Amino acid sequence: MLDVQQRASGCLFGLAFGDALGAATEFLDVATIIQRFGPKGPQDLSGNPARVTDDTQMTLAVGEALMQAERPYSLQSLEGPLRAAFIVWNESPENNRAPGITCINACNRLKQDIPWQEATVTRSKGCGANMRVAPVGLLPWGRDGVSEKSRAGIAQFQAALTHGHPTALAAADLTAHAIADLASGGDVAELPDRLKEYAHSQRFVYHEEWLGTLWQRAYVDSPEEFIARGWDECLNVLDRLDAALLHADRDADPCLQTGDGWIAEEAFATAMLCFLFYPDEPITAIQRAAVTKGDSDSIACLTGAFAGTYLGLSAWPSEWIQRIEYRERLAQLGALWDK
Ligand SMILES: [Mg+2]
């Protein structure tokens with residue numbers, strides 16, 4: 001029987017392991033990856049500490065902002081800590097790991113004390129929106145006012161601070177929902193169906209208490225029309241995920257099946273594909289995710305988050321846990337939500 005204890009720690013460490021493994025392959029095509037690392041790509045984390053990238057750094061920023069904010073969570077309690085954490089990340093000397101340009105530009109504007117709706121990059125749906133959302137999915141239900149609705153609002157809001165496109169919001173919500181589903185013991189066979197059901201149910205739900213007037217910055221007639229655009233793109237990529245799972249070609253580059261992952265809905269789907277190809281082999285799953293032509297570190301980080309949530313901390317080698325960068329901060333956050 002699987003040991004599924006410490007799912008939150010498993011998620012956060014898995015995310016960091018995927019990020020560290022994919023960091024070496026992010027800007028390489030598959031032929032070059034194989035030439036450099038062998039047919040299965042990088043097999044081990046490199047360095048001590050094994051360095052992660054902006055994906056893990058921003059995940060810690062989101063998680064630590066959630067930790068610091070007053071409860072119950074609201075726009076008023078969360079905006080300050082989240083803005084501050086993003087600005088600190090942006091200005092940190094350790095922010096030198098090929099960060100996304102949208103995050104940098106938005107964080108520079110967030111520092112100017114203008115409304116966040118004016119700071120965000122309204123046309124961006126880059127995967128920066130959801131590569132960092134896992135902590136929101138780990139928030140325990142029923143505590144601190146966390147419900148399915150407030151979790152969705154928080155997931156979309158943390159994305160919206162930098163990425164204002166509706167698909168960035170929907171994909172971040174969907175990613176957090178998948179983490180929450182796995183954290184509550186959801187089985188993997190029916191997971192894609194449950195994700196589609198959730199996406200359909202949210203299609204016209206605009207979280208005004210979190211997003212305010214953001215929708216007015218797009219060329220749409222109503223908040224419902226705005227958010228439906230995002231969910232429709234997510235539903236489209238979920239159909240591609242279904243087709244890829246049916247075809248089950250584990251040897252082909254997953255990016256050819258569900259997308260390169262530079263954009264949020266594709267990062268979600270390609271990461272989910274790698275996880276669902278190997279639900280009980282977490283290391284194989286993140287290795288598969290790293291041998292991709294697209295945004296390998298973000299794909300692998302989400303694959304690691306899904307696998308670690310599903311299997312718990314014991315799924316990962318203890319030697320990796322000792323060696324990964326930011327291990328103390330990851331452990332502190334994980335312990336908070338493993339109780
Ligand atoms: Mg990165």
# chains A, B, ... in the order shown; residues from 1 in each chain; ligands from 1
>>> residues_near_ligand(ligand="ligand 1", cutoff="7 Å", atoms="only C-alpha atoms and all ligand atoms", output="PyMOL selection string")
chain A and resi 19+23+53-55+97-99+297-298
>>> write_last_selection(atoms="C-alpha atoms", output="short mmCIF file (atom, residue, chain, number, x, y, z; two decimals), in the first residue's frame")
data_model
loop_
_atom_site.label_atom_id
_atom_site.label_comp_id
_atom_site.auth_asym_id
_atom_site.auth_seq_id
_atom_site.Cartn_x
_atom_site.Cartn_y
_atom_site.Cartn_z
CA ASP A 19 12.17 22.35 -11.41
CA ALA A 23 16.34 23.62 -15.35
CA THR A 53 14.67 28.24 -10.72
CA ASP A 54 12.06 30.99 -10.52
CA ASP A 55 9.27 28.38 -10.43
CA ARG A 97 17.31 31.79 -12.89
CA ALA A 98 15.84 32.77 -16.26
CA PRO A 99 12.73 34.41 -14.75
CA ASP A 297 11.39 23.26 -15.81
CA SER A 298 7.85 24.54 -15.45
#
>>> residues_around(residues="Arg109 in chain A", least_positions_apart="3", cutoff="12 Å", atoms="only C-alpha atoms", output="list in words")
Arg83, Phe86, Ile87, Asn90, Thr102, Cys103, Ile104, Asn105, Ala106, Gln112, Asp113, Ile114, Pro115, Trp116, Gln117, Glu118, Ala119, Thr120, Val121, Leu161 and Thr162 of chain A
>>> write_last_selection(atoms="C-alpha atoms", output="PDB file, in the first residue's frame")
ATOM      1  CA  ARG A  83       2.594  42.001  -3.412  1.00  0.00           C
ATOM      2  CA  PHE A  86       6.608  39.146  -5.243  1.00  0.00           C
ATOM      3  CA  ILE A  87       8.560  42.401  -4.948  1.00  0.00           C
ATOM      4  CA  ASN A  90      11.934  40.274  -7.956  1.00  0.00           C
ATOM      5  CA  THR A 102       5.863  39.044 -17.504  1.00  0.00           C
ATOM      6  CA  CYS A 103       6.621  38.471 -13.830  1.00  0.00           C
ATOM      7  CA  ILE A 104       9.522  40.910 -13.895  1.00  0.00           C
ATOM      8  CA  ASN A 105       7.538  43.662 -15.631  1.00  0.00           C
ATOM      9  CA  ALA A 106       4.492  43.237 -13.409  1.00  0.00           C
ATOM     10  CA  GLN A 112       4.985  51.601  -7.699  1.00  0.00           C
ATOM     11  CA  ASP A 113       2.008  51.442  -5.344  1.00  0.00           C
ATOM     12  CA  ILE A 114      -0.537  51.532  -8.160  1.00  0.00           C
ATOM     13  CA  PRO A 115      -3.687  49.367  -8.211  1.00  0.00           C
ATOM     14  CA  TRP A 116      -2.678  45.830  -9.115  1.00  0.00           C
ATOM     15  CA  GLN A 117      -5.077  45.851 -12.074  1.00  0.00           C
ATOM     16  CA  GLU A 118      -2.813  48.513 -13.591  1.00  0.00           C
ATOM     17  CA  ALA A 119       0.374  46.622 -12.743  1.00  0.00           C
ATOM     18  CA  THR A 120      -0.595  43.282 -14.262  1.00  0.00           C
ATOM     19  CA  VAL A 121       0.214  42.318 -17.841  1.00  0.00           C
ATOM     20  CA  LEU A 161      -1.259  40.105  -9.900  1.00  0.00           C
ATOM     21  CA  THR A 162       1.122  39.489 -12.798  1.00  0.00           C
TER      22      THR A 162
END
>>> residues_around(residues="Leu28 in chain A", least_positions_apart="2", cutoff="10 Å", atoms="only C-alpha atoms", output="PyMOL selection string")
chain A and resi 24-26+30-34+36+291-296
>>> closest_residue(among="A:Ser184, A:Thr258, A:Asn96, A:Ser124", to="Gly137 in chain A", atoms="only C-alpha atoms")
A:Ser184
>>> atom_distance(atom1="CA of Phe204 in chain A", atom2="CA of Ser150 in chain A")
15.8 Å
>>> residues_around(residues="Arg323 in chain A", least_positions_apart="6", cutoff="8 Å", atoms="only C-alpha atoms", output="list in words")
Asn48, Pro49 and Ala50 of chain A
>>> residues_around(residues="range 299-304 of chain A", least_positions_apart="6", cutoff="9 Å", atoms="only C-alpha atoms", output="PDB file with C-alpha atoms, in the first residue's frame")
ATOM      1  CA  GLY A  10       5.595  15.716  -1.047  1.00  0.00           C
ATOM      2  CA  CYS A  11       4.041  18.314  -3.336  1.00  0.00           C
ATOM      3  CA  LEU A  12       6.474  21.123  -2.523  1.00  0.00           C
ATOM      4  CA  PHE A  13       9.618  18.992  -2.650  1.00  0.00           C
ATOM      5  CA  GLY A  14       8.387  17.281  -5.826  1.00  0.00           C
ATOM      6  CA  LEU A  15       7.856  20.670  -7.390  1.00  0.00           C
ATOM      7  CA  ALA A  16      11.403  21.721  -6.529  1.00  0.00           C
ATOM      8  CA  PHE A  17      12.880  18.420  -7.805  1.00  0.00           C
ATOM      9  CA  GLY A  18      11.070  18.747 -11.136  1.00  0.00           C
ATOM     10  CA  ASP A  19      12.170  22.355 -11.407  1.00  0.00           C
ATOM     11  CA  ALA A  20      15.811  21.482 -10.672  1.00  0.00           C
ATOM     12  CA  LEU A  21      15.812  18.567 -13.122  1.00  0.00           C
ATOM     13  CA  GLY A  22      14.111  20.591 -15.877  1.00  0.00           C
ATOM     14  CA  ASP A  55       9.274  28.384 -10.433  1.00  0.00           C
ATOM     15  CA  THR A  56      10.230  27.195  -6.948  1.00  0.00           C
ATOM     16  CA  ASN A 130       0.257  28.610 -12.449  1.00  0.00           C
ATOM     17  CA  MET A 131       3.788  27.252 -11.961  1.00  0.00           C
ATOM     18  CA  ARG A 132       3.624  28.868  -8.490  1.00  0.00           C
ATOM     19  CA  ALA A 134       0.466  24.749  -5.757  1.00  0.00           C
ATOM     20  CA  THR A 175      -3.990  23.635 -11.370  1.00  0.00           C
ATOM     21  CA  ASP A 260       5.134  23.280 -25.207  1.00  0.00           C
ATOM     22  CA  GLY A 261       4.009  24.704 -21.889  1.00  0.00           C
ATOM     23  CA  TRP A 262       5.192  28.294 -22.255  1.00  0.00           C
ATOM     24  CA  GLU A 266      -0.354  23.912 -21.824  1.00  0.00           C
ATOM     25  CA  ALA A 267       2.048  23.776 -18.876  1.00  0.00           C
ATOM     26  CA  PHE A 268      -0.818  22.353 -16.841  1.00  0.00           C
ATOM     27  CA  ALA A 269      -1.845  19.778 -19.445  1.00  0.00           C
ATOM     28  CA  THR A 270       1.634  18.592 -20.396  1.00  0.00           C
ATOM     29  CA  ALA A 271       2.627  18.295 -16.743  1.00  0.00           C
ATOM     30  CA  MET A 272      -0.579  16.369 -16.018  1.00  0.00           C
ATOM     31  CA  LEU A 273       0.121  14.096 -18.998  1.00  0.00           C
ATOM     32  CA  CYS A 274       3.601  13.214 -17.684  1.00  0.00           C
ATOM     33  CA  PHE A 275       2.159  12.539 -14.211  1.00  0.00           C
ATOM     34  CA  LEU A 276      -0.686  10.375 -15.536  1.00  0.00           C
ATOM     35  CA  PRO A 282       7.312   9.890  -9.620  1.00  0.00           C
ATOM     36  CA  ILE A 283      10.967  10.043 -10.652  1.00  0.00           C
ATOM     37  CA  ALA A 285       7.391  11.133 -14.415  1.00  0.00           C
ATOM     38  CA  ILE A 286       9.597  14.173 -13.766  1.00  0.00           C
ATOM     39  CA  GLN A 287      12.362  12.728 -15.925  1.00  0.00           C
ATOM     40  CA  ARG A 288       9.815  12.337 -18.750  1.00  0.00           C
ATOM     41  CA  ALA A 289       8.739  15.933 -18.188  1.00  0.00           C
ATOM     42  CA  ALA A 290      12.334  17.176 -18.350  1.00  0.00           C
ATOM     43  CA  THR A 292      10.824  18.006 -23.633  1.00  0.00           C
TER      44      THR A 292
END
>>> residues_around(residues="range 219-227 of chain A", least_positions_apart="2", cutoff="12 Å", atoms="only C-alpha atoms", output="PyMOL selection string")
chain A and resi 122-123+156+164-171+173+199-200+202-208+211-217+229-234
>>> write_last_selection(atoms="C-alpha atoms", output="PDB file, in the first residue's frame")
ATOM      1  CA  THR A 122      -3.324  41.990 -19.173  1.00  0.00           C
ATOM      2  CA  ARG A 123      -2.452  40.091 -22.335  1.00  0.00           C
ATOM      3  CA  GLN A 156      -6.982  33.303  -9.715  1.00  0.00           C
ATOM      4  CA  GLY A 164      -4.207  39.401 -16.380  1.00  0.00           C
ATOM      5  CA  HIS A 165      -5.350  37.168 -19.263  1.00  0.00           C
ATOM      6  CA  PRO A 166      -8.451  35.088 -18.434  1.00  0.00           C
ATOM      7  CA  THR A 167      -6.704  31.846 -19.400  1.00  0.00           C
ATOM      8  CA  ALA A 168      -3.939  32.562 -16.881  1.00  0.00           C
ATOM      9  CA  LEU A 169      -6.633  32.845 -14.193  1.00  0.00           C
ATOM     10  CA  ALA A 170      -8.561  29.735 -15.244  1.00  0.00           C
ATOM     11  CA  ALA A 171      -5.421  27.610 -15.654  1.00  0.00           C
ATOM     12  CA  ASP A 173      -7.523  27.776 -10.718  1.00  0.00           C
ATOM     13  CA  ALA A 199     -13.920  23.545 -15.718  1.00  0.00           C
ATOM     14  CA  HIS A 200     -17.491  23.354 -17.038  1.00  0.00           C
ATOM     15  CA  GLN A 202     -16.673  27.390 -13.430  1.00  0.00           C
ATOM     16  CA  ARG A 203     -17.151  28.636 -16.982  1.00  0.00           C
ATOM     17  CA  PHE A 204     -19.204  31.711 -16.057  1.00  0.00           C
ATOM     18  CA  VAL A 205     -17.958  32.213 -12.493  1.00  0.00           C
ATOM     19  CA  TYR A 206     -16.160  35.552 -12.169  1.00  0.00           C
ATOM     20  CA  HIS A 207     -14.659  36.032  -8.696  1.00  0.00           C
ATOM     21  CA  GLU A 208     -15.436  39.714  -8.369  1.00  0.00           C
ATOM     22  CA  LEU A 211     -10.644  40.333  -9.201  1.00  0.00           C
ATOM     23  CA  GLY A 212     -12.686  43.541  -9.005  1.00  0.00           C
ATOM     24  CA  THR A 213     -12.771  45.360 -12.327  1.00  0.00           C
ATOM     25  CA  LEU A 214     -10.013  43.374 -14.050  1.00  0.00           C
ATOM     26  CA  TRP A 215     -12.433  42.161 -16.737  1.00  0.00           C
ATOM     27  CA  GLN A 216     -12.991  45.735 -17.936  1.00  0.00           C
ATOM     28  CA  ARG A 217      -9.421  45.865 -19.209  1.00  0.00           C
ATOM     29  CA  ARG A 229     -12.665  32.729 -22.596  1.00  0.00           C
ATOM     30  CA  GLY A 230     -10.158  31.330 -20.130  1.00  0.00           C
ATOM     31  CA  TRP A 231     -12.152  28.231 -19.261  1.00  0.00           C
ATOM     32  CA  ASP A 232     -12.830  27.485 -22.921  1.00  0.00           C
ATOM     33  CA  GLU A 233      -9.081  27.390 -23.594  1.00  0.00           C
ATOM     34  CA  CYS A 234      -8.640  25.109 -20.590  1.00  0.00           C
TER      35      CYS A 234
END
>>> closest_residue(among="A:Ala228, A:Ala178, A:Phe37, A:Gly80", to="Tyr198 in chain A", atoms="only C-alpha atoms")
A:Ala178
>>> atom_distance(atom1="CA of Asp181 in chain A", atom2="CA of Gly153 in chain A")
16.4 Å
>>> select_by_dssp(residues="range 56-230 of chain A", states="alpha helix (DSSP H)", output="PDB file with C-alpha atoms, in the first residue's frame")
ATOM      1  CA  THR A  56      10.230  27.195  -6.948  1.00  0.00           C
ATOM      2  CA  GLN A  57      11.203  30.684  -5.787  1.00  0.00           C
ATOM      3  CA  MET A  58       7.798  32.106  -6.718  1.00  0.00           C
ATOM      4  CA  THR A  59       5.992  29.087  -5.230  1.00  0.00           C
ATOM      5  CA  LEU A  60       7.721  29.868  -1.940  1.00  0.00           C
ATOM      6  CA  ALA A  61       6.694  33.519  -2.332  1.00  0.00           C
ATOM      7  CA  VAL A  62       3.019  32.531  -2.740  1.00  0.00           C
ATOM      8  CA  GLY A  63       3.187  30.007   0.102  1.00  0.00           C
ATOM      9  CA  GLU A  64       4.903  32.358   2.521  1.00  0.00           C
ATOM     10  CA  ALA A  65       2.443  35.156   1.704  1.00  0.00           C
ATOM     11  CA  LEU A  66      -0.408  32.748   2.540  1.00  0.00           C
ATOM     12  CA  MET A  67       1.382  31.901   5.766  1.00  0.00           C
ATOM     13  CA  GLN A  68       1.756  35.577   6.750  1.00  0.00           C
ATOM     14  CA  LEU A  75      -8.456  40.500  -0.853  1.00  0.00           C
ATOM     15  CA  GLN A  76      -7.726  42.924   1.980  1.00  0.00           C
ATOM     16  CA  SER A  77      -5.703  40.417   3.999  1.00  0.00           C
ATOM     17  CA  LEU A  78      -3.784  38.798   1.135  1.00  0.00           C
ATOM     18  CA  GLU A  79      -2.970  41.565  -1.336  1.00  0.00           C
ATOM     19  CA  GLY A  80      -0.336  43.236   0.857  1.00  0.00           C
ATOM     20  CA  PRO A  81       1.668  40.103   1.759  1.00  0.00           C
ATOM     21  CA  LEU A  82       1.475  38.750  -1.792  1.00  0.00           C
ATOM     22  CA  ARG A  83       2.594  42.001  -3.412  1.00  0.00           C
ATOM     23  CA  ALA A  84       5.420  42.283  -0.883  1.00  0.00           C
ATOM     24  CA  ALA A  85       6.562  38.686  -1.455  1.00  0.00           C
ATOM     25  CA  PHE A  86       6.608  39.146  -5.243  1.00  0.00           C
ATOM     26  CA  ILE A  87       8.560  42.401  -4.948  1.00  0.00           C
ATOM     27  CA  VAL A  88      11.106  40.805  -2.578  1.00  0.00           C
ATOM     28  CA  TRP A  89      11.512  37.899  -5.019  1.00  0.00           C
ATOM     29  CA  ASN A  90      11.934  40.274  -7.956  1.00  0.00           C
ATOM     30  CA  GLU A  91      14.661  42.259  -6.208  1.00  0.00           C
ATOM     31  CA  ILE A 101       9.549  38.612 -18.416  1.00  0.00           C
ATOM     32  CA  THR A 102       5.863  39.044 -17.504  1.00  0.00           C
ATOM     33  CA  CYS A 103       6.621  38.471 -13.830  1.00  0.00           C
ATOM     34  CA  ILE A 104       9.522  40.910 -13.895  1.00  0.00           C
ATOM     35  CA  ASN A 105       7.538  43.662 -15.631  1.00  0.00           C
ATOM     36  CA  ALA A 106       4.492  43.237 -13.409  1.00  0.00           C
ATOM     37  CA  CYS A 107       6.572  43.136 -10.201  1.00  0.00           C
ATOM     38  CA  ASN A 108       8.370  46.318 -11.223  1.00  0.00           C
ATOM     39  CA  ARG A 109       4.978  47.997 -11.544  1.00  0.00           C
ATOM     40  CA  LEU A 110       3.576  46.429  -8.349  1.00  0.00           C
ATOM     41  CA  TRP A 116      -2.678  45.830  -9.115  1.00  0.00           C
ATOM     42  CA  GLN A 117      -5.077  45.851 -12.074  1.00  0.00           C
ATOM     43  CA  GLU A 118      -2.813  48.513 -13.591  1.00  0.00           C
ATOM     44  CA  ALA A 119       0.374  46.622 -12.743  1.00  0.00           C
ATOM     45  CA  GLY A 128       4.244  31.993 -14.476  1.00  0.00           C
ATOM     46  CA  ALA A 129       0.580  32.241 -13.498  1.00  0.00           C
ATOM     47  CA  ASN A 130       0.257  28.610 -12.449  1.00  0.00           C
ATOM     48  CA  MET A 131       3.788  27.252 -11.961  1.00  0.00           C
ATOM     49  CA  ALA A 134       0.466  24.749  -5.757  1.00  0.00           C
ATOM     50  CA  PRO A 135       0.390  26.180  -2.191  1.00  0.00           C
ATOM     51  CA  VAL A 136      -3.140  27.449  -2.837  1.00  0.00           C
ATOM     52  CA  GLY A 137      -4.235  23.905  -3.686  1.00  0.00           C
ATOM     53  CA  LEU A 138      -2.699  22.685  -0.418  1.00  0.00           C
ATOM     54  CA  GLU A 148     -13.747  25.547  -2.903  1.00  0.00           C
ATOM     55  CA  LYS A 149     -14.943  29.037  -3.838  1.00  0.00           C
ATOM     56  CA  SER A 150     -12.361  30.989  -1.846  1.00  0.00           C
ATOM     57  CA  ARG A 151      -9.583  28.656  -3.004  1.00  0.00           C
ATOM     58  CA  ALA A 152     -10.581  29.347  -6.604  1.00  0.00           C
ATOM     59  CA  GLY A 153     -10.611  33.082  -5.935  1.00  0.00           C
ATOM     60  CA  ILE A 154      -7.172  32.999  -4.285  1.00  0.00           C
ATOM     61  CA  ALA A 155      -5.716  30.860  -7.104  1.00  0.00           C
ATOM     62  CA  GLN A 156      -6.982  33.303  -9.715  1.00  0.00           C
ATOM     63  CA  PHE A 157      -5.957  36.365  -7.716  1.00  0.00           C
ATOM     64  CA  GLN A 158      -2.337  35.277  -7.224  1.00  0.00           C
ATOM     65  CA  ALA A 159      -2.149  34.729 -11.006  1.00  0.00           C
ATOM     66  CA  ALA A 160      -3.841  38.028 -11.771  1.00  0.00           C
ATOM     67  CA  PRO A 166      -8.451  35.088 -18.434  1.00  0.00           C
ATOM     68  CA  THR A 167      -6.704  31.846 -19.400  1.00  0.00           C
ATOM     69  CA  ALA A 168      -3.939  32.562 -16.881  1.00  0.00           C
ATOM     70  CA  LEU A 169      -6.633  32.845 -14.193  1.00  0.00           C
ATOM     71  CA  ALA A 170      -8.561  29.735 -15.244  1.00  0.00           C
ATOM     72  CA  ALA A 171      -5.421  27.610 -15.654  1.00  0.00           C
ATOM     73  CA  ALA A 172      -4.136  28.654 -12.223  1.00  0.00           C
ATOM     74  CA  ASP A 173      -7.523  27.776 -10.718  1.00  0.00           C
ATOM     75  CA  LEU A 174      -7.534  24.420 -12.529  1.00  0.00           C
ATOM     76  CA  THR A 175      -3.990  23.635 -11.370  1.00  0.00           C
ATOM     77  CA  ALA A 176      -4.850  24.424  -7.740  1.00  0.00           C
ATOM     78  CA  HIS A 177      -8.009  22.343  -8.074  1.00  0.00           C
ATOM     79  CA  ALA A 178      -5.994  19.352  -9.309  1.00  0.00           C
ATOM     80  CA  ILE A 179      -3.613  19.661  -6.346  1.00  0.00           C
ATOM     81  CA  ALA A 180      -6.542  19.910  -3.925  1.00  0.00           C
ATOM     82  CA  ASP A 181      -8.200  16.878  -5.530  1.00  0.00           C
ATOM     83  CA  LEU A 182      -5.040  14.785  -5.197  1.00  0.00           C
ATOM     84  CA  ALA A 183      -4.404  16.073  -1.663  1.00  0.00           C
ATOM     85  CA  LEU A 191      -9.055  12.725 -12.529  1.00  0.00           C
ATOM     86  CA  PRO A 192      -9.254  14.076 -16.113  1.00  0.00           C
ATOM     87  CA  ASP A 193     -13.057  13.678 -16.044  1.00  0.00           C
ATOM     88  CA  ARG A 194     -13.295  15.484 -12.710  1.00  0.00           C
ATOM     89  CA  LEU A 195     -11.118  18.312 -14.060  1.00  0.00           C
ATOM     90  CA  LYS A 196     -13.410  18.742 -17.074  1.00  0.00           C
ATOM     91  CA  GLU A 197     -16.448  18.721 -14.826  1.00  0.00           C
ATOM     92  CA  TYR A 198     -14.863  21.432 -12.687  1.00  0.00           C
ATOM     93  CA  ALA A 199     -13.920  23.545 -15.718  1.00  0.00           C
ATOM     94  CA  HIS A 200     -17.491  23.354 -17.038  1.00  0.00           C
ATOM     95  CA  SER A 201     -18.903  24.298 -13.646  1.00  0.00           C
ATOM     96  CA  GLN A 202     -16.673  27.390 -13.430  1.00  0.00           C
ATOM     97  CA  GLU A 208     -15.436  39.714  -8.369  1.00  0.00           C
ATOM     98  CA  GLU A 209     -14.547  39.857  -4.659  1.00  0.00           C
ATOM     99  CA  TRP A 210     -10.971  39.020  -5.654  1.00  0.00           C
ATOM    100  CA  LEU A 211     -10.644  40.333  -9.201  1.00  0.00           C
ATOM    101  CA  PRO A 223     -17.245  39.539 -16.527  1.00  0.00           C
ATOM    102  CA  GLU A 224     -18.820  36.210 -17.501  1.00  0.00           C
ATOM    103  CA  GLU A 225     -17.677  36.573 -21.099  1.00  0.00           C
ATOM    104  CA  PHE A 226     -14.177  37.409 -19.852  1.00  0.00           C
ATOM    105  CA  ILE A 227     -13.682  34.354 -17.664  1.00  0.00           C
ATOM    106  CA  ALA A 228     -15.434  31.983 -20.102  1.00  0.00           C
ATOM    107  CA  ARG A 229     -12.665  32.729 -22.596  1.00  0.00           C
ATOM    108  CA  GLY A 230     -10.158  31.330 -20.130  1.00  0.00           C
TER     109      GLY A 230
END
>>> atom_distance(atom1="CA of Ala264 in chain A", atom2="CA of Ala252 in chain A")
21.2 Å
